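Peer 1: Have a look at this one before I ask anything.
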Amino acid sequence: MRDFSDISWPAADFSRVPYAVFGDLDIFEREQERVFRGPVWCYLCLETEVSKPGDFKTVFVGDRSVVVNRALDGSLYAFLNRCAHRGSTLVRENGGNRKDHTCIYHHWSYDLNGKLIGVPFQRGINGQGGMPSTFHKAQHGLKMLRVSSYRGVVFGTFSDHVEPLEDFLGAPMLAFFDRMFAKPVEVLGYARQRMPSNWKAYFENLTDPYHAGLLHQFQTTFGLFRQTQKGGTIMDDLRRHQIQYAHLDSDDLATVETAYRGTGVYNASLRLQDPSIVEYRTEEGDAGQAIYMMSLFPSVMFQRLSNSLATRQIRPRNPDEFDLYWTFFGYADDDPAMREMRLRQVNLVGPAGLISMEDGESGVEVQRAIRRERHDHSVIEMGGVGDIVDQDHTVTEVPIRGFWRYYCQLMGFGPGKPQG
Ligand code: FES
Ligand SMILES: [Fe+2]
């Protein structure tokens, strides 16, 4: 097995990240095993998407297809989407409602708890063929994941060793969920996009406040977010998850003009013909934070950007490609005007969003330039080097180093560690 000793991590504080980890198939395979099927809880779906007994949704953990379904007794189960017979994909639909799942190949069927309940011709036909007497259906169920929910958000894990979900999330993230999911939610729609980039370049982007007021000229110019606003980052104890927040209208134009002078990013003379897309309607419990986003290691973000609420889930496909799944939602008790507002503000994000389109593009440009680089490193020093601590401003990249530190811990390599 490769020991990865050829990949160097020259800075103990993760302020240098080797480009070699972005384009390597062996690294990708190890990530699937040690990160996505390792001691983590991965976001699967919202409970409201599988609300009735028999409801199912096909999702994924890392590059593996997984099905979540609600059993007849109301409990949630998730299983690897692979028939226990000869390995066919079991569920081919994105979702629906069923009493059991039957494979198309030889029609083995499974109940909603993942148990094998039917094997055609098990006893043979007219005394011929059939399975041997040593074959017992009870030994051939589906491979199950452990499932746990918090505030109606469903997570799954392949690991027998990961801590309980609430401990994995940690206090600041639980508080985020308590706020964002204080009331029942309603799914408004979905989008997905394929990115010719490495999934970690996107996770870096999610945890990078520095770019947000520079790459996204739309939000800087029209005031949705600027580095001059009051904002910051809160992390869990292990620095693997991050919450970013910013307060609308907390800066003054003189400071904005001074800070952004010469950047070409902020243009005071531009006006929107229809400014409703950047209006913000205050919501209960938002504490004035129109930007309130949580990235959970390894692959999901929960977003409030103005009144647009969404999850963004990363599905890695290979070292040079991942899919991003968006689920847009609102609250079940939204009035028609608020629902309309949320739908309008979906245009800010998603594959062609006025803001998030550039996040996709920046990842593509990074991957294009580094994918086969073996010896160079990125520089992550904005906001300071050394300790990885909460930030009370957004002129920083410190949270990105938190991601890398935990990633390396799971992968078994990194600065100062014996490789492999
Ligand atoms: S592979 Fe599924 S029944 Fe044979
Ligand atoms: Fe961004």
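Please note that chains go A, B, ... in the order of the structure tokens, that every chain numbers its residues from 1, and that ligands are numbered from 1 in the order shown.
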Do you have, as JSON lines, the list of residues of chain A lying at most 9 Å from ligand 1, each with its nearest atom pair and that distance in Å to one decimal, counting only C-alpha atoms and all ligand atoms and ordered by chain then number?

Peer 2:
```
{"residue": "A:Arg82", "atom": "CA", "partner": "ligand 1", "partner_atom_place_in_ligand_line": "2 (Fe)", "distance": 7.8}
{"residue": "A:Cys83", "atom": "CA", "partner": "ligand 1", "partner_atom_place_in_ligand_line": "2 (Fe)", "distance": 4.6}
{"residue": "A:Ala84", "atom": "CA", "partner": "ligand 1", "partner_atom_place_in_ligand_line": "2 (Fe)", "distance": 6.6}
{"residue": "A:His85", "atom": "CA", "partner": "ligand 1", "partner_atom_place_in_ligand_line": "1 (S)", "distance": 4.7}
{"residue": "A:Arg86", "atom": "CA", "partner": "ligand 1", "partner_atom_place_in_ligand_line": "1 (S)", "distance": 3.9}
{"residue": "A:Gly87", "atom": "CA", "partner": "ligand 1", "partner_atom_place_in_ligand_line": "1 (S)", "distance": 5.0}
{"residue": "A:Ser88", "atom": "CA", "partner": "ligand 1", "partner_atom_place_in_ligand_line": "1 (S)", "distance": 4.5}
{"residue": "A:Thr89", "atom": "CA", "partner": "ligand 1", "partner_atom_place_in_ligand_line": "2 (Fe)", "distance": 7.5}
{"residue": "A:Leu90", "atom": "CA", "partner": "ligand 1", "partner_atom_place_in_ligand_line": "2 (Fe)", "distance": 6.7}
{"residue": "A:Thr102", "atom": "CA", "partner": "ligand 1", "partner_atom_place_in_ligand_line": "3 (S)", "distance": 7.7}
{"residue": "A:Cys103", "atom": "CA", "partner": "ligand 1", "partner_atom_place_in_ligand_line": "2 (Fe)", "distance": 4.7}
{"residue": "A:Ile104", "atom": "CA", "partner": "ligand 1", "partner_atom_place_in_ligand_line": "2 (Fe)", "distance": 6.5}
{"residue": "A:Tyr105", "atom": "CA", "partner": "ligand 1", "partner_atom_place_in_ligand_line": "3 (S)", "distance": 4.8}
{"residue": "A:His106", "atom": "CA", "partner": "ligand 1", "partner_atom_place_in_ligand_line": "3 (S)", "distance": 3.7}
{"residue": "A:His107", "atom": "CA", "partner": "ligand 1", "partner_atom_place_in_ligand_line": "3 (S)", "distance": 4.8}
{"residue": "A:Trp108", "atom": "CA", "partner": "ligand 1", "partner_atom_place_in_ligand_line": "3 (S)", "distance": 4.3}
{"residue": "A:Ser109", "atom": "CA", "partner": "ligand 1", "partner_atom_place_in_ligand_line": "3 (S)", "distance": 7.6}
{"residue": "A:Val119", "atom": "CA", "partner": "ligand 1", "partner_atom_place_in_ligand_line": "3 (S)", "distance": 7.8}
{"residue": "A:Pro120", "atom": "CA", "partner": "ligand 1", "partner_atom_place_in_ligand_line": "3 (S)", "distance": 8.8}
```

Peer 1: Could you list, as a CSV table (one decimal) with N, CA and C atoms, in the first residue's frame, all residues that come within 12 Å of ligand 2? Count only C-alpha atoms and all ligand atoms.

Peer 2:
```
chain,number,residue,atom,x,y,z
A,201,ALA,N,-11.4,21.2,-2.5
A,201,ALA,CA,-11.3,22.6,-2.9
A,201,ALA,C,-12.6,23.3,-2.6
A,202,TYR,N,-13.7,22.6,-2.7
A,202,TYR,CA,-15.0,23.2,-2.4
A,202,TYR,C,-15.2,23.4,-0.9
A,203,PHE,N,-14.8,22.4,-0.1
A,203,PHE,CA,-14.9,22.5,1.3
A,203,PHE,C,-14.0,23.7,1.8
A,204,GLU,N,-12.9,23.8,1.2
A,204,GLU,CA,-12.0,25.0,1.6
A,204,GLU,C,-12.8,26.3,1.3
A,205,ASN,N,-13.5,26.3,0.2
A,205,ASN,CA,-14.3,27.5,-0.2
A,205,ASN,C,-15.4,27.8,0.9
A,206,LEU,N,-16.0,26.7,1.3
A,206,LEU,CA,-17.1,26.9,2.3
A,206,LEU,C,-16.6,27.5,3.6
A,207,THR,N,-15.3,27.2,3.9
A,207,THR,CA,-14.8,27.6,5.2
A,207,THR,C,-13.8,28.8,5.1
A,208,ASP,N,-14.0,29.5,4.0
A,208,ASP,CA,-13.0,30.6,3.7
A,208,ASP,C,-13.7,31.9,3.7
A,209,PRO,N,-13.7,32.7,4.8
A,209,PRO,CA,-14.4,34.0,4.8
A,209,PRO,C,-13.7,35.0,3.9
A,210,TYR,N,-12.4,34.8,3.7
A,210,TYR,CA,-11.6,35.8,2.9
A,210,TYR,C,-12.1,36.0,1.5
A,211,HIS,N,-12.5,35.0,0.8
A,211,HIS,CA,-12.9,35.2,-0.6
A,211,HIS,C,-14.2,35.8,-0.7
A,212,ALA,N,-15.1,35.7,0.4
A,212,ALA,CA,-16.5,36.0,0.2
A,212,ALA,C,-16.8,37.5,-0.2
A,213,GLY,N,-15.9,38.4,0.3
A,213,GLY,CA,-16.1,39.8,0.0
A,213,GLY,C,-15.3,40.3,-1.2
A,214,LEU,N,-14.6,39.3,-1.9
A,214,LEU,CA,-13.8,39.7,-3.1
A,214,LEU,C,-14.2,39.0,-4.3
A,215,LEU,N,-14.3,37.6,-4.2
A,215,LEU,CA,-14.8,36.9,-5.4
A,215,LEU,C,-16.2,37.3,-5.8
A,216,HIS,N,-17.0,37.5,-4.8
A,216,HIS,CA,-18.5,37.7,-5.1
A,216,HIS,C,-18.8,39.2,-5.2
A,217,GLN,N,-18.5,39.8,-6.4
A,217,GLN,CA,-18.7,41.2,-6.5
A,217,GLN,C,-20.2,41.6,-6.4
A,218,PHE,N,-21.1,40.7,-6.7
A,218,PHE,CA,-22.5,41.1,-6.6
A,218,PHE,C,-22.8,41.3,-5.1
A,219,GLN,N,-22.4,40.5,-4.2
A,219,GLN,CA,-22.8,40.7,-2.8
A,219,GLN,C,-22.0,41.8,-2.2
A,220,THR,N,-20.8,42.0,-2.7
A,220,THR,CA,-20.1,43.2,-2.1
A,220,THR,C,-20.7,44.5,-2.5
A,225,PHE,N,-22.9,41.0,1.6
A,225,PHE,CA,-21.8,40.7,2.5
A,225,PHE,C,-20.6,41.5,2.1
A,226,ARG,N,-19.9,42.0,3.1
A,226,ARG,CA,-18.6,42.7,2.9
A,226,ARG,C,-17.7,42.4,4.1
A,244,GLN,N,-20.1,30.4,10.1
A,244,GLN,CA,-19.8,31.8,9.7
A,244,GLN,C,-21.0,32.6,9.7
A,291,ILE,N,-26.3,36.5,7.2
A,291,ILE,CA,-25.5,35.4,6.7
A,291,ILE,C,-25.2,34.5,7.9
A,293,MET,N,-24.1,30.5,8.3
A,293,MET,CA,-23.8,29.3,7.5
A,293,MET,C,-23.0,28.3,8.3
A,301,MET,N,-23.1,21.7,4.0
A,301,MET,CA,-23.2,23.1,4.5
A,301,MET,C,-24.7,23.4,4.7
A,303,GLN,N,-27.2,26.6,5.0
A,303,GLN,CA,-27.0,28.0,4.6
A,303,GLN,C,-28.3,28.9,4.9
A,305,LEU,N,-28.6,32.6,3.6
A,305,LEU,CA,-28.0,33.7,2.9
A,305,LEU,C,-29.2,34.6,2.6
A,348,LEU,N,-29.8,33.7,-6.0
A,348,LEU,CA,-28.5,34.1,-5.5
A,348,LEU,C,-27.6,32.9,-5.5
A,349,VAL,N,-28.1,31.7,-5.3
A,349,VAL,CA,-27.2,30.5,-5.1
A,349,VAL,C,-27.6,29.5,-6.2
A,350,GLY,N,-27.2,28.2,-5.9
A,350,GLY,CA,-27.4,27.2,-6.9
A,350,GLY,C,-26.4,27.3,-8.0
A,353,GLY,N,-26.2,30.6,-9.6
A,353,GLY,CA,-26.6,31.7,-8.7
A,353,GLY,C,-25.7,33.0,-8.9
A,354,LEU,N,-26.3,34.1,-8.6
A,354,LEU,CA,-25.6,35.4,-8.8
A,354,LEU,C,-24.3,35.4,-7.9
A,355,ILE,N,-24.3,34.6,-6.8
A,355,ILE,CA,-23.2,34.6,-6.0
A,355,ILE,C,-22.4,33.3,-6.1
A,356,SER,N,-23.2,32.2,-6.0
A,356,SER,CA,-22.4,30.9,-5.8
A,356,SER,C,-21.9,30.4,-7.1
A,357,MET,N,-22.3,30.9,-8.2
A,357,MET,CA,-21.7,30.5,-9.5
A,357,MET,C,-20.1,30.6,-9.5
A,358,GLU,N,-19.7,31.7,-8.8
A,358,GLU,CA,-18.2,31.9,-8.8
A,358,GLU,C,-17.5,30.9,-7.9
A,359,ASP,N,-18.2,30.4,-6.9
A,359,ASP,CA,-17.6,29.4,-6.0
A,359,ASP,C,-17.2,28.2,-6.9
A,360,GLY,N,-18.2,27.8,-7.8
A,360,GLY,CA,-17.9,26.7,-8.7
A,360,GLY,C,-16.7,27.0,-9.6
A,361,GLU,N,-16.7,28.2,-10.1
A,361,GLU,CA,-15.7,28.6,-11.1
A,361,GLU,C,-14.3,28.6,-10.4
A,362,SER,N,-14.3,29.1,-9.2
A,362,SER,CA,-12.9,29.2,-8.6
A,362,SER,C,-12.4,27.9,-8.3
A,363,GLY,N,-13.2,26.9,-7.9
A,363,GLY,CA,-12.8,25.5,-7.7
A,363,GLY,C,-12.2,24.9,-9.0
```

Peer 1: Please determine, counting only C-alpha atoms, which residue among A:Ala290, A:Val40, A:Ala332, A:Ile243 has the shortest atom-to-atom distance to Pro164 in chain A.

Peer 2: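 The closest residue to Pro164 in chain A is A:Val40.
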
Peer 1: Excluding Asp252 in chain A and its own-chain neighbours fewer than 5 positions away, which residues fall within 12 Å of it when counting only C-alpha atoms? Please give them as a list in words.

Peer 2: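 With the cut-off at 12 Å, the set is Gly223, Arg226, Gln227, Thr228, Gln229, Lys230, Glu257, Thr258 and Ala259 of chain A.
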
Peer 1: Applying 6 Å and only C-alpha atoms, which residues near range 170-174 of chain A remain after dropping the ones on its own chain fewer than 3 positions away? List them as a VMD selection string.

Peer 2: chain A and resid 167 177 236

Peer 1: Since we have the selection now, will you write its residues out, keeping C-alpha atoms, as a compact mmCIF listing (two decimals), in the first residue's frame?

Peer 2:
```txt
# COMPACT_ATOMS: atom_id res chain seq x y z
CA ASP A 167 -21.15 14.82 20.60
CA PHE A 177 -29.58 23.56 14.52
CA ASP A 236 -16.22 23.18 17.54
```

Peer 1: Figure out the distance between CA of Asp160 in chain A and CA of Glu33 in chain A, please, to one decimal in Å.

Peer 2: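 Interatomic distance here is 13.5 Å.
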
Peer 1: Under the rule that only C-alpha atoms are counted, which of A:Leu145, A:Ala11, A:Met341, A:Ala246 is the nearest residue to Arg64 in chain A?

Peer 2: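 Using only C-alpha atoms, the shortest distance to Arg64 in chain A belongs to A:Leu145.
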
Peer 1: Of the candidates A:Arg192, A:His161, A:Arg342, A:Arg368, which shows the shortest atom-to-atom distance to Val278 in chain A, using only C-alpha atoms?

Peer 2: A:Arg342

Peer 1: Measure the distance from CA of Tyr110 in chain A to CA of Thr157 in chain A in Å and round it to one decimal.

Peer 2: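 Between these atoms lies a distance of 20.5 Å.
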
Peer 1: Ranking A:Phe413, A:Pro39, A:Gly262, A:Pro196 by minimum distance to Glu163 in chain A and counting only C-alpha atoms, which one comes first?

Peer 2: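 Of all the options, A:Pro39 lies closest to Glu163 in chain A.
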
Peer 1: Run DSSP on the backbone and give me the residues of range 102-257 of chain A it puts in strand (DSSP E), as number ranges by chain.

Peer 2: A: 102, 109-110, 116-118, 144-150, 153-157, 185-195, 231-235, 242-247

Peer 1: Using only C-alpha atoms, which residues sit within 10 Å of Trp404 in chain A once same-chain residues fewer than 3 positions away are excluded, as a ChimeraX atom specification?

Peer 2: /A:13-17,200,203-204,239-240,399-401,407-410,414

Peer 1: May I ask for the distance between CA of Pro132 in chain A and CA of Lys115 in chain A, given in Å to one decimal place?

Peer 2: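 About the pair CA of Pro132 in chain A and CA of Lys115 in chain A: they are 19.3 Å apart.
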
Peer 1: Extract, using only C-alpha atoms, all DNA, RNA and protein residues at most 7 Å from Gln367 in chain A, discarding same-chain residues fewer than 4 positions from it, and format them as a CSV table (one decimal) with N, CA, C and O atoms, in the first residue's frame.

Peer 2:
```csv
chain,number,residue,atom,x,y,z
A,197,SER,N,-13.7,19.5,-10.3
A,197,SER,CA,-12.8,20.0,-9.3
A,197,SER,C,-12.8,19.0,-8.2
A,197,SER,O,-13.6,18.1,-8.2
A,198,ASN,N,-11.9,19.2,-7.3
A,198,ASN,CA,-11.7,18.2,-6.1
A,198,ASN,C,-12.7,18.7,-5.0
A,198,ASN,O,-12.8,19.9,-4.7
A,363,GLY,N,-13.2,26.9,-7.9
A,363,GLY,CA,-12.8,25.5,-7.7
A,363,GLY,C,-12.2,24.9,-9.0
A,363,GLY,O,-11.2,24.2,-9.0
A,371,ARG,N,-3.8,20.1,-10.4
A,371,ARG,CA,-4.2,18.7,-10.3
A,371,ARG,C,-3.1,17.7,-10.5
A,371,ARG,O,-3.1,16.6,-9.9
```

Peer 1: Nearest residue to Arg37 in chain A out of A:Met411, A:Pro275, A:Glu283, A:Asp55, using only C-alpha atoms?

Peer 2: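 Under the stated criterion, the closest residue is A:Met411.
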
Peer 1: Identify, with DSSP run on backbone atoms, the residues in range 243-315 of chain A assigned to alpha helix (DSSP H), and express the list as a PyMOL selection string.

Peer 2: chain A and resi 253-260

Peer 1: Those same residues - N, CA, C and O atoms - I'd like them written as an mmCIF file, in the first residue's frame.

Peer 2:
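Result saved to part30.cif:
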```cif
data_model
loop_
_atom_site.group_PDB
_atom_site.id
_atom_site.type_symbol
_atom_site.label_atom_id
_atom_site.label_comp_id
_atom_site.auth_asym_id
_atom_site.auth_seq_id
_atom_site.Cartn_x
_atom_site.Cartn_y
_atom_site.Cartn_z
ATOM 1 N N LEU A 253 -20.442 53.407 4.837
ATOM 2 C CA LEU A 253 -19.930 53.505 3.473
ATOM 3 C C LEU A 253 -18.510 54.068 3.391
ATOM 4 O O LEU A 253 -17.734 53.672 2.531
ATOM 5 N N ALA A 254 -18.145 54.961 4.344
ATOM 6 C CA ALA A 254 -16.784 55.511 4.315
ATOM 7 C C ALA A 254 -15.765 54.388 4.525
ATOM 8 O O ALA A 254 -14.750 54.295 3.820
ATOM 9 N N THR A 255 -16.037 53.505 5.474
ATOM 10 C CA THR A 255 -15.129 52.376 5.729
ATOM 11 C C THR A 255 -15.083 51.443 4.524
ATOM 12 O O THR A 255 -14.020 50.959 4.124
ATOM 13 N N VAL A 256 -16.255 51.202 3.940
ATOM 14 C CA VAL A 256 -16.322 50.319 2.772
ATOM 15 C C VAL A 256 -15.460 50.883 1.651
ATOM 16 O O VAL A 256 -14.630 50.179 1.051
ATOM 17 N N GLU A 257 -15.631 52.185 1.393
ATOM 18 C CA GLU A 257 -14.906 52.776 0.265
ATOM 19 C C GLU A 257 -13.400 52.780 0.515
ATOM 20 O O GLU A 257 -12.611 52.549 -0.393
ATOM 21 N N THR A 258 -13.004 52.999 1.744
ATOM 22 C CA THR A 258 -11.572 52.971 2.058
ATOM 23 C C THR A 258 -11.020 51.551 1.917
ATOM 24 O O THR A 258 -9.993 51.319 1.283
ATOM 25 N N ALA A 259 -11.736 50.583 2.507
ATOM 26 C CA ALA A 259 -11.220 49.203 2.509
ATOM 27 C C ALA A 259 -11.149 48.639 1.097
ATOM 28 O O ALA A 259 -10.210 47.915 0.756
ATOM 29 N N TYR A 260 -12.143 48.966 0.280
ATOM 30 C CA TYR A 260 -12.217 48.345 -1.052
ATOM 31 C C TYR A 260 -11.586 49.206 -2.150
ATOM 32 O O TYR A 260 -11.613 48.814 -3.313
#
```

Peer 1: Please provide as an mmCIF file with all heavy atoms, in the first residue's frame all residues within 8 Å of range 314-316 of chain A, with the sequence filter that same-chain residues fewer than 2 positions apart are discarded (counting only C-alpha atoms).

Peer 2:
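Full text of selection.cif as output:
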```cif
data_model
loop_
_atom_site.group_PDB
_atom_site.id
_atom_site.type_symbol
_atom_site.label_atom_id
_atom_site.label_comp_id
_atom_site.auth_asym_id
_atom_site.auth_seq_id
_atom_site.Cartn_x
_atom_site.Cartn_y
_atom_site.Cartn_z
ATOM 1 N N PHE A 60 -26.373 9.551 -0.579
ATOM 2 C CA PHE A 60 -25.016 9.020 -0.721
ATOM 3 C C PHE A 60 -24.201 9.382 0.504
ATOM 4 O O PHE A 60 -24.520 10.327 1.234
ATOM 5 C CB PHE A 60 -24.338 9.578 -1.980
ATOM 6 C CG PHE A 60 -24.488 11.061 -2.106
ATOM 7 C CD1 PHE A 60 -23.616 11.908 -1.460
ATOM 8 C CD2 PHE A 60 -25.539 11.602 -2.837
ATOM 9 C CE1 PHE A 60 -23.778 13.276 -1.538
ATOM 10 C CE2 PHE A 60 -25.707 12.980 -2.906
ATOM 11 C CZ PHE A 60 -24.819 13.813 -2.258
ATOM 12 N N VAL A 61 -23.171 8.598 0.719
ATOM 13 C CA VAL A 61 -22.154 8.923 1.724
ATOM 14 C C VAL A 61 -20.826 8.775 1.010
ATOM 15 O O VAL A 61 -20.474 7.673 0.581
ATOM 16 C CB VAL A 61 -22.240 7.975 2.940
ATOM 17 C CG1 VAL A 61 -21.030 8.155 3.846
ATOM 18 C CG2 VAL A 61 -23.529 8.219 3.717
ATOM 19 N N GLY A 62 -20.109 9.870 0.841
ATOM 20 C CA GLY A 62 -18.930 9.827 -0.010
ATOM 21 C C GLY A 62 -19.367 9.444 -1.413
ATOM 22 O O GLY A 62 -20.348 9.978 -1.943
ATOM 23 N N ASP A 63 -18.686 8.486 -2.016
ATOM 24 C CA ASP A 63 -19.062 8.085 -3.383
ATOM 25 C C ASP A 63 -20.045 6.910 -3.387
ATOM 26 O O ASP A 63 -20.369 6.396 -4.459
ATOM 27 C CB ASP A 63 -17.814 7.759 -4.214
ATOM 28 C CG ASP A 63 -17.064 6.530 -3.710
ATOM 29 O OD1 ASP A 63 -17.383 6.041 -2.611
ATOM 30 O OD2 ASP A 63 -16.159 6.060 -4.432
ATOM 31 N N ASN A 198 -11.852 19.155 -7.277
ATOM 32 C CA ASN A 198 -11.745 18.235 -6.148
ATOM 33 C C ASN A 198 -12.679 18.683 -5.024
ATOM 34 O O ASN A 198 -12.788 19.877 -4.735
ATOM 35 C CB ASN A 198 -10.298 18.204 -5.657
ATOM 36 C CG ASN A 198 -10.091 17.179 -4.559
ATOM 37 O OD1 ASN A 198 -10.280 17.465 -3.379
ATOM 38 N ND2 ASN A 198 -9.712 15.973 -4.940
ATOM 39 N N TRP A 199 -13.312 17.726 -4.349
ATOM 40 C CA TRP A 199 -14.301 18.074 -3.315
ATOM 41 C C TRP A 199 -13.698 18.908 -2.196
ATOM 42 O O TRP A 199 -14.373 19.759 -1.608
ATOM 43 C CB TRP A 199 -14.964 16.802 -2.762
ATOM 44 C CG TRP A 199 -14.078 15.933 -1.911
ATOM 45 C CD1 TRP A 199 -13.233 14.950 -2.334
ATOM 46 C CD2 TRP A 199 -13.939 15.988 -0.478
ATOM 47 N NE1 TRP A 199 -12.582 14.392 -1.268
ATOM 48 C CE2 TRP A 199 -12.992 14.992 -0.122
ATOM 49 C CE3 TRP A 199 -14.516 16.753 0.528
ATOM 50 C CZ2 TRP A 199 -12.613 14.770 1.209
ATOM 51 C CZ3 TRP A 199 -14.137 16.533 1.847
ATOM 52 C CH2 TRP A 199 -13.199 15.557 2.175
ATOM 53 N N SER A 299 -18.779 17.039 4.609
ATOM 54 C CA SER A 299 -19.362 17.230 3.277
ATOM 55 C C SER A 299 -20.686 17.976 3.202
ATOM 56 O O SER A 299 -21.395 17.812 2.214
ATOM 57 C CB SER A 299 -19.544 15.857 2.619
ATOM 58 O OG SER A 299 -20.331 15.036 3.442
ATOM 59 N N VAL A 300 -21.056 18.745 4.194
ATOM 60 C CA VAL A 300 -22.346 19.435 4.045
ATOM 61 C C VAL A 300 -22.280 20.845 4.609
ATOM 62 O O VAL A 300 -21.522 21.113 5.547
ATOM 63 C CB VAL A 300 -23.491 18.642 4.718
ATOM 64 C CG1 VAL A 300 -23.352 18.637 6.236
ATOM 65 C CG2 VAL A 300 -24.865 19.186 4.319
ATOM 66 N N ARG A 312 -26.270 22.229 1.228
ATOM 67 C CA ARG A 312 -25.400 21.938 0.076
ATOM 68 C C ARG A 312 -24.598 20.706 0.470
ATOM 69 O O ARG A 312 -23.874 20.736 1.452
ATOM 70 C CB ARG A 312 -24.402 23.056 -0.193
ATOM 71 C CG ARG A 312 -24.980 24.414 -0.351
ATOM 72 C CD ARG A 312 -23.840 25.385 -0.637
ATOM 73 N NE ARG A 312 -24.265 26.762 -0.518
ATOM 74 C CZ ARG A 312 -23.464 27.804 -0.698
ATOM 75 N NH1 ARG A 312 -22.185 27.615 -0.988
ATOM 76 N NH2 ARG A 312 -23.922 29.027 -0.584
ATOM 77 N N ASN A 318 -14.594 11.386 -8.158
ATOM 78 C CA ASN A 318 -13.215 10.950 -8.383
ATOM 79 C C ASN A 318 -12.345 12.157 -8.000
ATOM 80 O O ASN A 318 -12.889 13.203 -7.625
ATOM 81 C CB ASN A 318 -13.029 10.461 -9.842
ATOM 82 C CG ASN A 318 -13.316 11.546 -10.855
ATOM 83 O OD1 ASN A 318 -12.695 12.606 -10.823
ATOM 84 N ND2 ASN A 318 -14.270 11.313 -11.745
ATOM 85 N N PRO A 319 -11.022 12.032 -8.052
ATOM 86 C CA PRO A 319 -10.205 13.154 -7.551
ATOM 87 C C PRO A 319 -10.465 14.477 -8.273
ATOM 88 O O PRO A 319 -10.265 15.541 -7.695
ATOM 89 C CB PRO A 319 -8.767 12.685 -7.810
ATOM 90 C CG PRO A 319 -8.840 11.209 -7.890
ATOM 91 C CD PRO A 319 -10.191 10.877 -8.437
ATOM 92 N N GLU A 321 -13.467 15.440 -9.726
ATOM 93 C CA GLU A 321 -14.876 15.716 -10.010
ATOM 94 C C GLU A 321 -15.736 15.429 -8.784
ATOM 95 O O GLU A 321 -15.544 14.429 -8.094
ATOM 96 C CB GLU A 321 -15.323 14.803 -11.155
ATOM 97 C CG GLU A 321 -16.665 15.126 -11.751
ATOM 98 C CD GLU A 321 -16.915 14.246 -12.970
ATOM 99 O OE1 GLU A 321 -17.117 13.026 -12.804
ATOM 100 O OE2 GLU A 321 -16.894 14.787 -14.084
ATOM 101 N N PHE A 322 -16.669 16.321 -8.527
ATOM 102 C CA PHE A 322 -17.677 16.034 -7.494
ATOM 103 C C PHE A 322 -19.011 16.625 -7.933
ATOM 104 O O PHE A 322 -19.069 17.477 -8.824
ATOM 105 C CB PHE A 322 -17.254 16.596 -6.128
ATOM 106 C CG PHE A 322 -17.248 18.104 -6.036
ATOM 107 C CD1 PHE A 322 -18.368 18.793 -5.569
ATOM 108 C CD2 PHE A 322 -16.143 18.847 -6.406
ATOM 109 C CE1 PHE A 322 -18.378 20.186 -5.478
ATOM 110 C CE2 PHE A 322 -16.143 20.234 -6.319
ATOM 111 C CZ PHE A 322 -17.256 20.906 -5.855
ATOM 112 N N ASP A 323 -20.072 16.117 -7.316
ATOM 113 C CA ASP A 323 -21.403 16.696 -7.533
ATOM 114 C C ASP A 323 -21.792 17.469 -6.290
ATOM 115 O O ASP A 323 -21.452 17.082 -5.168
ATOM 116 C CB ASP A 323 -22.452 15.596 -7.767
ATOM 117 C CG ASP A 323 -22.296 14.932 -9.123
ATOM 118 O OD1 ASP A 323 -21.604 15.494 -9.991
ATOM 119 O OD2 ASP A 323 -22.875 13.847 -9.307
ATOM 120 N N LEU A 324 -22.512 18.553 -6.502
ATOM 121 C CA LEU A 324 -23.024 19.340 -5.387
ATOM 122 C C LEU A 324 -24.551 19.309 -5.460
ATOM 123 O O LEU A 324 -25.135 19.635 -6.496
ATOM 124 C CB LEU A 324 -22.506 20.776 -5.480
ATOM 125 C CG LEU A 324 -22.823 21.661 -4.282
ATOM 126 C CD1 LEU A 324 -22.145 21.141 -3.015
ATOM 127 C CD2 LEU A 324 -22.371 23.095 -4.544
ATOM 128 N N TYR A 325 -25.186 18.869 -4.373
ATOM 129 C CA TYR A 325 -26.640 18.749 -4.307
ATOM 130 C C TYR A 325 -27.180 19.861 -3.406
ATOM 131 O O TYR A 325 -26.743 20.002 -2.266
ATOM 132 C CB TYR A 325 -27.041 17.389 -3.711
ATOM 133 C CG TYR A 325 -26.867 16.228 -4.651
ATOM 134 C CD1 TYR A 325 -25.596 15.818 -5.050
ATOM 135 C CD2 TYR A 325 -27.964 15.525 -5.137
ATOM 136 C CE1 TYR A 325 -25.431 14.743 -5.916
ATOM 137 C CE2 TYR A 325 -27.806 14.445 -5.995
ATOM 138 C CZ TYR A 325 -26.538 14.061 -6.378
ATOM 139 O OH TYR A 325 -26.371 13.002 -7.230
#
```
